[in-house]
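Q: Below you'll find the structure I mean.
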Amino acid sequence: MKTLIVYVLISSEKDFFLEEFWVSLFSLRRFHPKDAVWVLTDEPTSKRIEERSELSKLISEVKVIPMPENYDGRLRSRTLKTSVRNLIDGDFLTIDTDTVICQPLDEVDDLSIKNIGMVPEMHGPFKNHITYSYITNELKRIYDTDVSEAPYWFNSGCMLVRDNDFTRDFFRKWN
């Protein structure tokens with residue numbers, strides 16, 4: 001596979017995100033033993049990765065992104081995930097740490113995605129989603145935004161992102 005694979009990982013001793021990532025990466029390496037895999041992370045998580053030599057061997061590059069000291073883990077993770085497009089160059093595939101790879105991903109290189117490729121949540125129309133009412137009501141309440149007619153709600157757990165002005169602008173706005 002030619003497309004760069006990117007994980008965003010923020011973890012501490014108080015959670016299992018590092019271990020979850022290790023399972024995901026191990027499953028990926030079963031099918032893609034030599035493909036480039038980058039991890040975007042903060043300094044404390046980078047040190048946790050370095051302490052695990054067997055895990056470190058599976059990673060092509062760890063990119064430490066400076067984060068404000070007052071950001072908790074959730075905010076650090078969200079900030080990185082919504083900034084990734086503007087932190088690296090080239091097309092990439094992001095994979096969430098809770099994703100297990102069950103077959104080769106070679107077809108990703110040939111997808112005719114112009115900007116961002118994502119999978120609809122629960123693989124179907126938004127109105128069929130179990131949390132449709134909750135999501136539409138909360139977005140209306142919090143942001144005064146009506147999304148009830150949106151045909152799909154997308155899962156950001158796996159995104160193929162092209163490198164162009166549209167995707168860079170999208171990620172700036174998302175962040």
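Here, A, B, ... name the chains of the structure tokens in the order displayed, residue numbers run from 1 inside each chain, and ligands are numbered from 1 in the same displayed order.
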Apply DSSP to the structure's backbone, then extract all residues of stretch 50-142 of chain A labelled helix (DSSP H, G or I) and return them as a PyMOL selection string.
A: chain A and resi 50+53-56+73-81+84-86+106-110+121-123+126-128+132-142
Q: Any idea what's packed within 7 Å of stretch 1-17 of chain A, counting only C-alpha atoms, ignoring anything in its chain fewer than 5 positions away? Could you give it as a list of chain:residue names?
A: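 The neighbour list is A:Asp35, A:Ala36, A:Val37, A:Trp38, A:Val39, A:Leu40, A:Thr41, A:Asp42, A:Thr45, A:Gly73, A:Arg76, A:Ser77, A:Leu80, A:Lys81, A:Asp91, A:Phe92, A:Leu93, A:Thr94, A:Ile95, A:Asp96, A:Thr97, A:Asp106, A:Asp109.
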Q: Residues near A:Asn175, anyone? I mean within 9 Å using only C-alpha atoms, not counting same-chain ones fewer than 2 positions away, as a list in words.
A: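 Everything that qualifies: Arg78, Thr79, Leu80, Lys81, Thr82, Ser83, Phe170, Phe171, Arg172 and Lys173 of chain A.
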Q: Tell me, which residues of chain A carry DSSP strand (DSSP E or B), written as a PyMOL selection string?
A: chain A and resi 4-9+37-41+61-64+92-95+116-120+154-161
Q: Which of these residues is nearest to A:Val84, using only C-alpha atoms: A:Met118, A:Asp110, A:Lys63, A:Asn128?
A: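 Of A:Met118, A:Asp110, A:Lys63, A:Asn128, the one nearest A:Val84 is A:Lys63, counting only C-alpha atoms.
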Q: Which one is closest to A:Pro44: A:Glu69, A:Asp169, A:Glu19, A:Glu138? Count only C-alpha atoms.
A: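 The closest residue to A:Pro44 is A:Glu69.
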Q: Please identify all polymer residues within 7 Å of A:Ile101, counting only C-alpha atoms, omitting same-chain residues fewer than 5 positions from it, and present them as a PDB file with C-alpha atoms, in the first residue's frame.
A:
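Result file selection_30.pdb:
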ATOM      1  CA  SER A  24      -5.072  -2.304  16.017  1.00  0.00           C
ATOM      2  CA  SER A  27      -3.781  -6.431  13.141  1.00  0.00           C
ATOM      3  CA  LEU A  28      -2.710  -3.914  10.491  1.00  0.00           C
TER       4      LEU A  28
END
